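S.K.: My structure is in work_31.txt, and what it holds is compact mmCIF, C-alpha atoms:
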# COMPACT_ATOMS: atom_id res chain seq x y z
CA MET A 1 46.59 -70.49 -29.63
CA ALA A 2 43.93 -68.57 -31.52
CA LYS A 3 44.88 -65.06 -32.63
CA GLY A 4 42.95 -61.97 -31.64
CA TYR A 5 41.56 -59.36 -34.02
CA TRP A 6 40.32 -55.83 -34.17
CA ILE A 7 37.70 -55.47 -36.87
CA GLY A 8 36.82 -51.86 -37.51
CA ARG A 9 34.61 -50.00 -39.94
CA VAL A 10 35.04 -46.26 -40.16
CA ASP A 11 33.42 -43.25 -41.78
CA VAL A 12 35.99 -40.45 -41.81
CA HIS A 13 34.51 -36.94 -41.95
CA ASN A 14 37.79 -35.04 -41.92
CA GLU A 15 40.68 -36.79 -43.64
CA ASP A 16 43.25 -34.23 -42.51
CA GLY A 17 42.17 -34.46 -38.90
CA TYR A 18 42.11 -38.27 -39.03
CA LYS A 19 45.72 -38.44 -40.25
CA ALA A 20 47.21 -37.59 -36.85
CA TYR A 21 45.34 -40.54 -35.30
CA ALA A 22 46.31 -42.93 -38.10
CA ALA A 23 49.96 -41.85 -37.93
CA ALA A 24 50.18 -42.55 -34.19
CA ASN A 25 48.66 -46.05 -34.45
CA PRO A 26 51.53 -48.13 -35.88
CA ALA A 27 53.83 -47.50 -32.89
CA ILE A 28 51.05 -48.59 -30.54
CA PHE A 29 50.10 -51.69 -32.55
CA LYS A 30 53.75 -52.68 -32.91
CA LYS A 31 54.18 -52.68 -29.13
CA PHE A 32 51.40 -55.29 -28.89
CA GLY A 33 52.58 -57.41 -31.83
CA GLY A 34 49.78 -56.24 -34.12
CA ARG A 35 49.83 -56.29 -37.91
CA PHE A 36 47.44 -54.93 -40.51
CA VAL A 37 45.50 -57.65 -42.30
CA VAL A 38 43.16 -55.17 -43.98
CA ARG A 39 43.88 -51.45 -44.20
CA ALA A 40 41.24 -49.60 -46.19
CA GLY A 41 41.68 -51.72 -49.33
CA LYS A 42 39.13 -51.68 -52.14
CA PHE A 43 35.89 -53.32 -51.13
CA GLU A 44 32.34 -54.13 -52.10
CA ALA A 45 29.39 -54.32 -49.72
CA PRO A 46 26.97 -56.79 -51.29
CA GLU A 47 24.66 -57.05 -48.26
CA GLY A 48 23.57 -54.88 -45.36
CA ALA A 49 25.26 -51.84 -43.88
CA ALA A 50 28.90 -50.81 -44.27
CA ARG A 51 31.21 -47.87 -43.60
CA SER A 52 33.66 -46.51 -46.11
CA ARG A 53 36.90 -47.71 -44.49
CA ASN A 54 37.48 -51.30 -43.33
CA VAL A 55 40.34 -52.33 -41.07
CA VAL A 56 41.41 -55.69 -39.62
CA ILE A 57 44.40 -55.91 -37.27
CA GLU A 58 45.74 -59.24 -36.05
CA PHE A 59 47.30 -59.71 -32.60
CA PRO A 60 49.07 -62.72 -31.11
CA ASP A 61 45.95 -63.57 -29.07
CA TYR A 62 42.63 -62.19 -27.83
CA ALA A 63 44.02 -60.95 -24.50
CA THR A 64 46.71 -58.94 -26.32
CA ALA A 65 44.13 -57.49 -28.73
CA LEU A 66 42.08 -56.30 -25.74
CA ALA A 67 45.17 -55.05 -23.89
CA CYS A 68 46.18 -52.93 -26.88
CA TYR A 69 42.76 -51.29 -26.98
CA ARG A 70 42.80 -50.61 -23.25
CA SER A 71 46.37 -49.34 -23.17
CA PRO A 72 46.90 -45.73 -22.08
CA GLU A 73 48.61 -45.04 -25.42
CA TYR A 74 45.62 -46.09 -27.49
CA GLN A 75 43.06 -44.55 -25.16
CA ASP A 76 44.95 -41.31 -25.54
CA ASN A 77 45.02 -41.69 -29.33
CA ILE A 78 41.24 -42.22 -29.48
CA LYS A 79 40.86 -38.59 -28.50
CA ARG A 80 42.57 -37.58 -31.75
CA ARG A 81 40.10 -39.61 -33.79
CA LEU A 82 36.78 -38.82 -32.11
CA PRO A 83 36.16 -35.40 -33.73
CA HIS A 84 36.90 -36.72 -37.21
CA ALA A 85 35.29 -40.14 -37.63
CA VAL A 86 32.46 -42.49 -36.71
CA ILE A 87 33.63 -46.02 -35.97
CA ASP A 88 32.40 -49.51 -35.07
CA ILE A 89 35.07 -51.73 -33.51
CA VAL A 90 34.79 -55.41 -32.66
CA ILE A 91 37.61 -57.09 -30.76
CA ILE A 92 37.29 -60.81 -31.24
CA GLU A 93 39.03 -64.09 -30.70
CA GLY A 94 40.26 -65.85 -33.85
CA TYR A 95 39.25 -69.27 -35.10
CA ASP A 96 41.58 -72.16 -34.38
CA GLY A 97 39.52 -75.16 -35.55
CA PRO A 98 39.54 -77.29 -38.70
CA GLN A 99 39.46 -75.40 -42.02
CA PRO A 100 37.49 -76.18 -45.17
CA MET B 1 50.70 -65.97 -53.23
CA PRO B 2 51.60 -67.28 -56.68
CA LYS B 3 48.77 -68.07 -59.08
CA GLY B 4 48.10 -71.56 -60.41
CA TYR B 5 47.88 -72.46 -64.09
CA TRP B 6 46.41 -75.06 -66.37
CA LEU B 7 48.74 -75.58 -69.34
CA PRO B 8 47.11 -78.13 -71.61
CA GLN B 9 48.26 -78.75 -75.18
CA ILE B 10 45.73 -80.48 -77.36
CA ASP B 11 45.52 -82.06 -80.79
CA VAL B 12 41.87 -82.09 -81.78
CA SER B 13 40.92 -84.79 -84.29
CA ASN B 14 37.25 -83.87 -84.59
CA MET B 15 36.35 -80.23 -83.83
CA GLU B 16 32.59 -80.82 -84.06
CA GLY B 17 32.83 -83.53 -81.42
CA TYR B 18 35.21 -81.45 -79.31
CA LYS B 19 32.74 -78.56 -79.05
CA ALA B 20 30.53 -80.44 -76.60
CA TYR B 21 33.48 -80.58 -74.21
CA MET B 22 34.14 -76.84 -74.55
CA ALA B 23 30.50 -76.16 -73.83
CA ALA B 24 30.63 -78.29 -70.67
CA THR B 25 33.66 -76.67 -68.98
CA PRO B 26 32.40 -73.21 -67.90
CA PRO B 27 30.73 -74.42 -64.66
CA ALA B 28 34.06 -75.81 -63.39
CA HIS B 29 36.06 -72.77 -64.51
CA GLU B 30 33.60 -70.31 -62.99
CA LYS B 31 33.40 -72.19 -59.73
CA TYR B 32 37.18 -72.10 -59.27
CA ALA B 33 37.66 -68.63 -60.75
CA GLY B 34 39.72 -69.94 -63.67
CA VAL B 35 40.32 -67.37 -66.41
CA ALA B 36 41.57 -68.15 -69.91
CA LEU B 37 44.72 -66.13 -70.71
CA VAL B 38 45.43 -68.04 -73.90
CA ARG B 39 42.80 -70.09 -75.69
CA ALA B 40 43.90 -71.38 -79.08
CA GLY B 41 45.08 -68.02 -80.35
CA ARG B 42 47.60 -68.05 -83.20
CA SER B 43 50.92 -69.59 -82.29
CA GLU B 44 54.24 -70.74 -83.67
CA VAL B 45 56.30 -73.63 -82.40
CA VAL B 46 59.70 -71.99 -82.62
CA GLU B 47 61.60 -74.92 -81.10
CA GLY B 48 60.86 -78.57 -80.39
CA GLN B 49 57.42 -80.14 -80.56
CA ALA B 50 54.00 -79.09 -79.39
CA ARG B 51 50.38 -79.95 -79.98
CA SER B 52 48.31 -77.66 -82.16
CA ARG B 53 46.02 -76.10 -79.56
CA CYS B 54 47.60 -74.27 -76.65
CA VAL B 55 45.64 -73.05 -73.62
CA ILE B 56 46.71 -71.13 -70.50
CA ARG B 57 44.11 -70.77 -67.78
CA GLU B 58 44.92 -68.84 -64.61
CA PHE B 59 43.56 -69.70 -61.14
CA PRO B 60 43.87 -67.83 -57.82
CA ASP B 61 46.55 -70.29 -56.74
CA TYR B 62 48.03 -73.74 -57.39
CA ALA B 63 45.71 -75.55 -54.97
CA THR B 64 42.66 -74.06 -56.68
CA ALA B 65 43.98 -75.04 -60.12
CA LEU B 66 44.36 -78.64 -58.92
CA ALA B 67 40.99 -78.60 -57.17
CA CYS B 68 39.27 -77.45 -60.34
CA TYR B 69 40.78 -80.31 -62.34
CA ARG B 70 39.72 -82.82 -59.72
CA SER B 71 36.24 -81.35 -59.23
CA ASP B 72 33.11 -83.29 -60.09
CA GLU B 73 32.20 -80.49 -62.50
CA TYR B 74 35.37 -80.89 -64.55
CA GLN B 75 35.52 -84.65 -64.31
CA ARG B 76 32.02 -84.71 -65.84
CA ALA B 77 33.21 -82.60 -68.77
CA ARG B 78 36.53 -84.39 -69.38
CA PRO B 79 35.14 -87.62 -70.93
CA LEU B 80 33.49 -85.50 -73.63
CA ARG B 81 36.86 -84.62 -75.15
CA LEU B 82 38.58 -87.99 -74.90
CA PRO B 83 37.19 -89.49 -78.16
CA TYR B 84 38.05 -86.36 -80.16
CA SER B 85 41.47 -85.25 -78.98
CA VAL B 86 44.86 -86.08 -77.48
CA CYS B 87 46.01 -83.89 -74.64
CA ASP B 88 49.20 -83.25 -72.65
CA PHE B 89 47.96 -81.55 -69.51
CA VAL B 90 50.24 -79.75 -67.06
CA ILE B 91 49.04 -77.90 -63.93
CA ALA B 92 51.73 -75.58 -62.58
CA GLU B 93 52.30 -73.06 -59.84
CA GLY B 94 53.00 -69.50 -60.99
CA TYR B 95 56.09 -67.49 -60.19
CA ASP B 96 55.81 -64.83 -57.51
CA ASP B 97 58.09 -62.07 -58.68
CA PRO B 98 60.01 -60.94 -55.59
CA THR B 99 60.66 -57.46 -56.99
CA PRO B 100 58.43 -54.67 -55.71
CA SER B 101 57.15 -53.93 -59.20
CA GLY B 102 56.18 -57.55 -59.68
CA SER B 103 53.27 -59.21 -58.00
CA ALA B 104 52.85 -56.88 -55.03
CA ALA B 105 49.30 -56.16 -56.14
CA THR B 106 48.41 -59.80 -56.66
CA ALA B 107 49.91 -60.91 -53.33
CA LYS B 108 47.09 -59.14 -51.51
CA LYS B 109 44.61 -61.51 -49.98
CA GLY B 110 40.88 -60.98 -49.94
CA TYR B 111 38.43 -61.15 -47.05
CA TRP B 112 34.77 -61.56 -46.28
CA ILE B 113 33.87 -59.68 -43.11
CA ALA B 114 30.38 -60.48 -41.89
CA HIS B 115 28.44 -59.16 -38.92
CA ILE B 116 25.39 -61.33 -38.34
CA ASP B 117 22.19 -61.40 -36.30
CA VAL B 118 20.98 -64.99 -36.32
CA THR B 119 17.22 -65.35 -36.10
CA ASP B 120 17.02 -69.15 -36.59
CA ALA B 121 20.06 -70.92 -35.14
CA ALA B 122 19.37 -74.38 -36.61
CA GLY B 123 18.63 -72.96 -40.04
CA HIS B 124 21.74 -70.82 -39.93
CA GLN B 125 23.91 -73.82 -39.02
CA ALA B 126 22.89 -75.50 -42.27
CA TYR B 127 24.00 -72.38 -44.12
CA VAL B 128 27.40 -72.31 -42.39
CA ALA B 129 27.98 -76.00 -43.15
CA ALA B 130 27.30 -75.36 -46.85
CA LEU B 131 29.38 -72.18 -46.80
CA VAL B 132 32.40 -74.07 -45.47
CA VAL B 133 32.30 -76.42 -48.46
CA HIS B 134 31.66 -73.64 -50.98
CA ALA B 135 34.33 -71.25 -49.62
CA GLY B 136 36.83 -74.12 -49.46
CA LYS B 137 36.62 -74.42 -53.23
CA PHE B 138 37.86 -70.83 -53.51
CA GLY B 139 40.67 -71.35 -51.02
CA GLY B 140 38.73 -69.73 -48.17
CA ARG B 141 39.70 -70.24 -44.52
CA PHE B 142 38.22 -68.84 -41.35
CA LEU B 143 40.21 -66.26 -39.42
CA VAL B 144 37.25 -65.57 -37.15
CA ARG B 145 34.21 -67.74 -36.61
CA GLY B 146 32.14 -66.62 -33.68
CA GLY B 147 34.43 -66.54 -30.65
CA ALA B 148 34.59 -64.32 -27.59
CA ARG B 149 34.32 -60.64 -28.42
CA GLU B 150 33.79 -57.11 -27.22
CA VAL B 151 32.41 -54.09 -29.01
CA PRO B 152 34.16 -51.19 -27.30
CA GLU B 153 32.89 -48.58 -29.77
CA GLY B 154 29.90 -48.25 -32.04
CA LYS B 155 27.35 -50.88 -32.88
CA VAL B 156 27.54 -54.08 -34.89
CA ARG B 157 25.42 -57.22 -35.19
CA ALA B 158 25.74 -59.95 -32.56
CA ARG B 159 28.14 -62.33 -34.29
CA THR B 160 31.23 -61.78 -36.43
CA GLY B 161 32.96 -63.97 -39.00
CA VAL B 162 36.01 -63.38 -41.19
CA LEU B 163 36.99 -65.58 -44.13
CA GLU B 164 40.39 -65.17 -45.80
CA PHE B 165 40.88 -65.95 -49.51
CA PRO B 166 44.04 -66.15 -51.64
CA SER B 167 43.08 -62.92 -53.43
CA TYR B 168 40.39 -60.27 -53.66
CA ASP B 169 39.22 -61.83 -56.91
CA ALA B 170 38.80 -65.21 -55.21
CA ALA B 171 36.85 -63.58 -52.35
CA SER B 172 34.61 -61.71 -54.77
CA GLY B 173 34.33 -64.70 -57.11
CA CYS B 174 33.23 -66.91 -54.23
CA TYR B 175 30.33 -64.55 -53.49
CA HIS B 176 29.28 -63.96 -57.09
CA SER B 177 29.62 -67.59 -58.17
CA PRO B 178 26.32 -69.11 -59.35
CA ASP B 179 27.08 -71.94 -56.92
CA TYR B 180 26.76 -69.52 -54.00
CA LEU B 181 23.10 -68.79 -54.78
CA PRO B 182 21.75 -72.07 -53.33
CA VAL B 183 24.07 -71.67 -50.33
CA LYS B 184 22.92 -68.11 -49.71
CA LYS B 185 19.31 -69.22 -49.98
CA LEU B 186 19.86 -71.39 -46.89
CA ARG B 187 20.28 -68.31 -44.71
CA GLU B 188 17.36 -66.31 -46.11
CA GLY B 189 15.01 -65.62 -43.23
CA LYS B 190 17.53 -67.22 -40.83
CA ALA B 191 19.89 -64.29 -40.33
CA LYS B 192 20.49 -60.60 -41.02
CA VAL B 193 23.93 -59.86 -42.37
CA ASP B 194 26.24 -56.92 -43.02
CA LEU B 195 28.83 -58.28 -45.41
CA VAL B 196 31.83 -56.54 -46.94
CA ILE B 197 34.36 -58.11 -49.28
CA VAL B 198 37.64 -56.29 -48.93
CA GLU B 199 41.18 -56.43 -50.24
CA GLY B 200 43.94 -57.23 -47.77
CA TYR B 201 46.95 -55.11 -46.82
CA ASP B 202 50.33 -55.87 -48.29
CA GLY B 203 52.25 -52.70 -47.49
CA PRO B 204 55.22 -52.11 -45.20
CA LYS B 205 55.18 -53.80 -41.80
CA PHE B 206 55.60 -51.73 -38.65
Can the structure from this file be put into structure tokens for me?
M.R.:
Amino acid sequence: MAKGYWIGRVDVHNEDGYKAYAAANPAIFKKFGGRFVVRAGKFEAPEGAARSRNVVIEFPDYATALACYRSPEYQDNIKRRLPHAVIDIVIIEGYDGPQP
Amino acid sequence: MPKGYWLPQIDVSNMEGYKAYMAATPPAHEKYAGVALVRAGRSEVVEGQARSRCVIREFPDYATALACYRSDEYQRARPLRLPYSVCDFVIAEGYDDPTPSGSAATAKKGYWIAHIDVTDAAGHQAYVAALVVHAGKFGGRFLVRGGAREVPEGKVRARTGVLEFPSYDAASGCYHSPDYLPVKKLREGKAKVDLVIVEGYDGPKF
């Protein structure tokens, strides 16, 4: 079955404030079988718009990726982030077809 | 993931003739992100036998090292050296040091993350078909390629794709390769793209 992903791009305005949100995330992601694929590693943005922090989290499937976002735990954690960051999040089904 | 290596040893009988071969290899090496670590620097054979010219060329991984050798680009260059040299050619997989101080940095994968607004679907399909071939040469594979999605926060373009590469250097090299230019040209005027190339995460698991 195809995996599910969160793909986020984030501009953090207050690093100290953001830390409480980031620290609470792993316990939530773990509950839904998530793992970090990308976690604010070095990057280049050769085309178009970008934000300064890129994150990709992989879940066992699309339904679980959505369920994690909608969970009371994460919805509660969002409140910790909102004052400190601007974010674009896509939750998307992975690709399961033939590879190059 | 361990790197891949070319380990040729060469006796050159006619250096003037051999130069045409050396001049013909960069397209293959660039395409597959092969980097010379050793290229006929001074050497001593301290035990046993070896040929006089020793080269070590590093690739993102073993599969890429093999693919480069088998590529049309390299197979065009190879006949240029045959009349002027004798070669023992080994292609080998690198060693992934399991200690934390070892290859932790090099084990990180690399990713293309693209958010796309397609303005000409047929034209964009031709681009994707060419991208699949090009990215494959750098060890790229799709994690996400279209697919059902939601955007619960913020704003991104209508379609999302993620390509995974064996390393950040392979991901970046794939984009900056001269061979990507004609591929990229296929999507000009067919789509608007936000593209980031980013290093993967290799830290502690939850």
S.K.: Give me, as a ChimeraX atom specification, all polymer residues having an atom no more than 6 Å from Arg159 of chain B, counting all atoms listed in the file and skipping those fewer than 4 positions away in the same chain.
M.R.: /B:115-116,146
S.K.: What residues in chain B have any atom no more than 8 Å from chain A when counting all atoms listed in the file, and can you write them as a CSV table (one decimal) with C-alpha atoms, in the frame of the given file?
M.R.:
chain,number,residue,atom,x,y,z
B,132,VAL,CA,32.4,-74.1,-45.5
B,133,VAL,CA,32.3,-76.4,-48.5
B,135,ALA,CA,34.3,-71.2,-49.6
B,136,GLY,CA,36.8,-74.1,-49.5
B,140,GLY,CA,38.7,-69.7,-48.2
B,141,ARG,CA,39.7,-70.2,-44.5
B,142,PHE,CA,38.2,-68.8,-41.4
B,143,LEU,CA,40.2,-66.3,-39.4
B,144,VAL,CA,37.2,-65.6,-37.2
B,145,ARG,CA,34.2,-67.7,-36.6
B,146,GLY,CA,32.1,-66.6,-33.7
B,147,GLY,CA,34.4,-66.5,-30.6
B,148,ALA,CA,34.6,-64.3,-27.6
B,149,ARG,CA,34.3,-60.6,-28.4
B,150,GLU,CA,33.8,-57.1,-27.2
B,151,VAL,CA,32.4,-54.1,-29.0
B,152,PRO,CA,34.2,-51.2,-27.3
B,153,GLU,CA,32.9,-48.6,-29.8
B,154,GLY,CA,29.9,-48.2,-32.0
B,155,LYS,CA,27.4,-50.9,-32.9
B,156,VAL,CA,27.5,-54.1,-34.9
B,192,LYS,CA,20.5,-60.6,-41.0
B,193,VAL,CA,23.9,-59.9,-42.4
B,194,ASP,CA,26.2,-56.9,-43.0
B,195,LEU,CA,28.8,-58.3,-45.4
B,196,VAL,CA,31.8,-56.5,-46.9
B,197,ILE,CA,34.4,-58.1,-49.3
B,198,VAL,CA,37.6,-56.3,-48.9
B,199,GLU,CA,41.2,-56.4,-50.2
B,200,GLY,CA,43.9,-57.2,-47.8
B,201,TYR,CA,47.0,-55.1,-46.8
B,202,ASP,CA,50.3,-55.9,-48.3
B,205,LYS,CA,55.2,-53.8,-41.8
B,206,PHE,CA,55.6,-51.7,-38.6
S.K.: Could you tell me how far atom CA of Ile113 of chain B lies from atom CA of Lys79 of chain A, in Å and to one decimal?
M.R.: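 For atom CA of Ile113 of chain B relative to atom CA of Lys79 of chain A, the distance reads 26.6 Å.
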S.K.: In terms of the shortest atom-to-atom distance over all atoms listed in the file, which of B:Gly161, B:Gly123, B:Gly48, B:Pro204 is closest to Lys184 of chain B?
M.R.: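 Between B:Gly161, B:Gly123, B:Gly48, B:Pro204, the residue approaching Lys184 of chain B most closely is B:Gly123.
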S.K.: Give me the residues within 9 Å of Phe32 of chain A as a list in words, counting all atoms listed in the file and dropping any in the same chain fewer than 3 places off.
M.R.: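 Answer for this query is Ile28, Phe29, Phe59, Pro60, Thr64, Ala65, Ala67 and Cys68 of chain A.
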S.K.: For segment 5-14 of chain B, work out the shell of residues within 6 Å, counting only C-alpha atoms and skipping chain neighbours fewer than 5 positions away, then give it as a count of residues only.
M.R.: 18
S.K.: Provide the atom CA of Gly139 of chain B to atom CA of Gly189 of chain B distance in Å, to one decimal place.
M.R.: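 Between these atoms lies a distance of 27.4 Å.
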S.K.: May I have the residues within 10 Å of Cys174 of chain B as a VMD selection string, using all atoms listed in the file and disregarding those fewer than 2 positions away in the same chain?
M.R.: chain B and resid 30 to 33 112 131 134 to 140 165 168 to 172 176 to 180
S.K.: Find the spatial neighbours of His13 of chain A, counting all atoms listed in the file, within a cut-off of 9 Å - ignore same-chain residues fewer than 3 positions away - and output them as number ranges by chain.
M.R.: A: 17-18, 83-86
S.K.: Could you tell me how far atom CA of Ala36 of chain B sits from atom CA of Lys109 of chain B, in Å to one decimal place?
M.R.: 21.2 Å
S.K.: Using the structure block above, produce a file of segment 15-112 of chain B that contains C-alpha atoms, as an mmCIF file, in the first residue's frame.
M.R.:
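The new file decode-v5.cif reads:
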data_model
loop_
_atom_site.group_PDB
_atom_site.id
_atom_site.type_symbol
_atom_site.label_atom_id
_atom_site.label_comp_id
_atom_site.auth_asym_id
_atom_site.auth_seq_id
_atom_site.Cartn_x
_atom_site.Cartn_y
_atom_site.Cartn_z
ATOM 1 C CA MET B 15 49.915 9.145 -23.711
ATOM 2 C CA GLU B 16 49.205 11.370 -26.720
ATOM 3 C CA GLY B 17 46.664 8.869 -28.009
ATOM 4 C CA TYR B 18 45.232 8.336 -24.523
ATOM 5 C CA LYS B 19 44.421 12.036 -24.108
ATOM 6 C CA ALA B 20 41.475 11.847 -26.497
ATOM 7 C CA TYR B 21 39.880 9.304 -24.160
ATOM 8 C CA MET B 22 40.419 11.532 -21.114
ATOM 9 C CA ALA B 23 38.846 14.421 -22.966
ATOM 10 C CA ALA B 24 35.787 12.314 -23.819
ATOM 11 C CA THR B 25 34.908 11.070 -20.308
ATOM 12 C CA PRO B 26 33.604 14.194 -18.502
ATOM 13 C CA PRO B 27 30.035 13.974 -19.906
ATOM 14 C CA ALA B 28 29.592 10.484 -18.406
ATOM 15 C CA HIS B 29 31.216 11.411 -15.090
ATOM 16 C CA GLU B 30 29.180 14.594 -14.736
ATOM 17 C CA LYS B 31 25.940 12.883 -15.616
ATOM 18 C CA TYR B 32 26.413 10.253 -12.900
ATOM 19 C CA ALA B 33 28.015 12.601 -10.374
ATOM 20 C CA GLY B 34 31.338 10.730 -10.437
ATOM 21 C CA VAL B 35 34.170 12.570 -8.699
ATOM 22 C CA ALA B 36 37.864 11.729 -9.039
ATOM 23 C CA LEU B 37 39.435 11.098 -5.615
ATOM 24 C CA VAL B 38 42.678 9.784 -7.069
ATOM 25 C CA ARG B 39 43.742 10.464 -10.641
ATOM 26 C CA ALA B 40 47.272 9.357 -11.425
ATOM 27 C CA GLY B 41 48.840 11.100 -8.463
ATOM 28 C CA ARG B 42 52.218 9.808 -7.291
ATOM 29 C CA SER B 43 52.125 6.271 -5.968
ATOM 30 C CA GLU B 44 54.256 3.394 -4.780
ATOM 31 C CA VAL B 45 53.489 -0.268 -5.208
ATOM 32 C CA VAL B 46 54.556 -1.437 -1.771
ATOM 33 C CA GLU B 47 53.511 -5.062 -2.298
ATOM 34 C CA GLY B 48 52.582 -7.230 -5.271
ATOM 35 C CA GLN B 49 51.890 -5.925 -8.750
ATOM 36 C CA ALA B 50 49.934 -3.006 -10.109
ATOM 37 C CA ARG B 51 49.609 -1.009 -13.289
ATOM 38 C CA SER B 52 51.251 2.397 -13.458
ATOM 39 C CA ARG B 53 48.193 4.645 -13.433
ATOM 40 C CA CYS B 54 45.779 4.357 -10.529
ATOM 41 C CA VAL B 55 42.383 6.084 -10.439
ATOM 42 C CA ILE B 56 39.650 6.172 -7.784
ATOM 43 C CA ARG B 57 36.383 7.780 -8.795
ATOM 44 C CA GLU B 58 33.530 8.049 -6.298
ATOM 45 C CA PHE B 59 29.822 7.826 -7.201
ATOM 46 C CA PRO B 60 26.708 8.377 -5.061
ATOM 47 C CA ASP B 61 26.281 4.614 -4.795
ATOM 48 C CA TYR B 62 27.223 1.280 -6.368
ATOM 49 C CA ALA B 63 24.282 1.219 -8.790
ATOM 50 C CA THR B 64 25.213 4.653 -10.107
ATOM 51 C CA ALA B 65 28.862 3.609 -10.535
ATOM 52 C CA LEU B 66 27.737 0.627 -12.618
ATOM 53 C CA ALA B 67 25.218 2.696 -14.562
ATOM 54 C CA CYS B 68 27.890 5.220 -15.491
ATOM 55 C CA TYR B 69 30.155 2.496 -16.865
ATOM 56 C CA ARG B 70 27.320 1.033 -18.887
ATOM 57 C CA SER B 71 26.019 4.399 -20.123
ATOM 58 C CA ASP B 72 26.061 5.344 -23.776
ATOM 59 C CA GLU B 73 28.217 8.336 -22.843
ATOM 60 C CA TYR B 74 30.965 6.197 -21.344
ATOM 61 C CA GLN B 75 30.724 3.411 -23.878
ATOM 62 C CA ARG B 76 31.347 6.040 -26.571
ATOM 63 C CA ALA B 77 34.512 7.184 -24.792
ATOM 64 C CA ARG B 78 35.884 3.728 -23.924
ATOM 65 C CA PRO B 79 37.007 2.676 -27.448
ATOM 66 C CA LEU B 80 39.252 5.751 -27.551
ATOM 67 C CA ARG B 81 41.555 4.289 -24.913
ATOM 68 C CA LEU B 82 41.685 0.683 -26.095
ATOM 69 C CA PRO B 83 44.486 1.136 -28.699
ATOM 70 C CA TYR B 84 46.679 3.057 -26.247
ATOM 71 C CA SER B 85 46.389 1.280 -22.922
ATOM 72 C CA VAL B 86 45.752 -1.895 -20.945
ATOM 73 C CA CYS B 87 43.308 -1.622 -18.088
ATOM 74 C CA ASP B 88 42.173 -3.714 -15.107
ATOM 75 C CA PHE B 89 38.846 -2.172 -14.168
ATOM 76 C CA VAL B 90 37.051 -2.894 -10.895
ATOM 77 C CA ILE B 91 33.748 -1.274 -9.828
ATOM 78 C CA ALA B 92 33.133 -1.727 -6.104
ATOM 79 C CA GLU B 93 30.650 -0.804 -3.423
ATOM 80 C CA GLY B 94 31.988 1.401 -0.631
ATOM 81 C CA TYR B 95 31.992 0.542 3.048
ATOM 82 C CA ASP B 96 29.364 2.164 5.237
ATOM 83 C CA ASP B 97 31.092 2.715 8.532
ATOM 84 C CA PRO B 98 28.584 1.675 11.203
ATOM 85 C CA THR B 99 30.145 3.896 13.871
ATOM 86 C CA PRO B 100 28.405 7.187 14.573
ATOM 87 C CA SER B 101 31.483 9.171 13.599
ATOM 88 C CA GLY B 102 31.658 7.381 10.272
ATOM 89 C CA SER B 103 29.301 7.951 7.416
ATOM 90 C CA ALA B 104 26.354 9.394 9.336
ATOM 91 C CA ALA B 105 26.570 12.535 7.231
ATOM 92 C CA THR B 106 26.805 10.678 3.946
ATOM 93 C CA ALA B 107 23.926 8.319 4.772
ATOM 94 C CA LYS B 108 21.494 11.213 4.456
ATOM 95 C CA LYS B 109 19.373 11.022 1.362
ATOM 96 C CA GLY B 110 18.430 13.968 -0.785
ATOM 97 C CA TYR B 111 15.034 15.071 -2.045
ATOM 98 C CA TRP B 112 13.386 17.190 -4.678
#
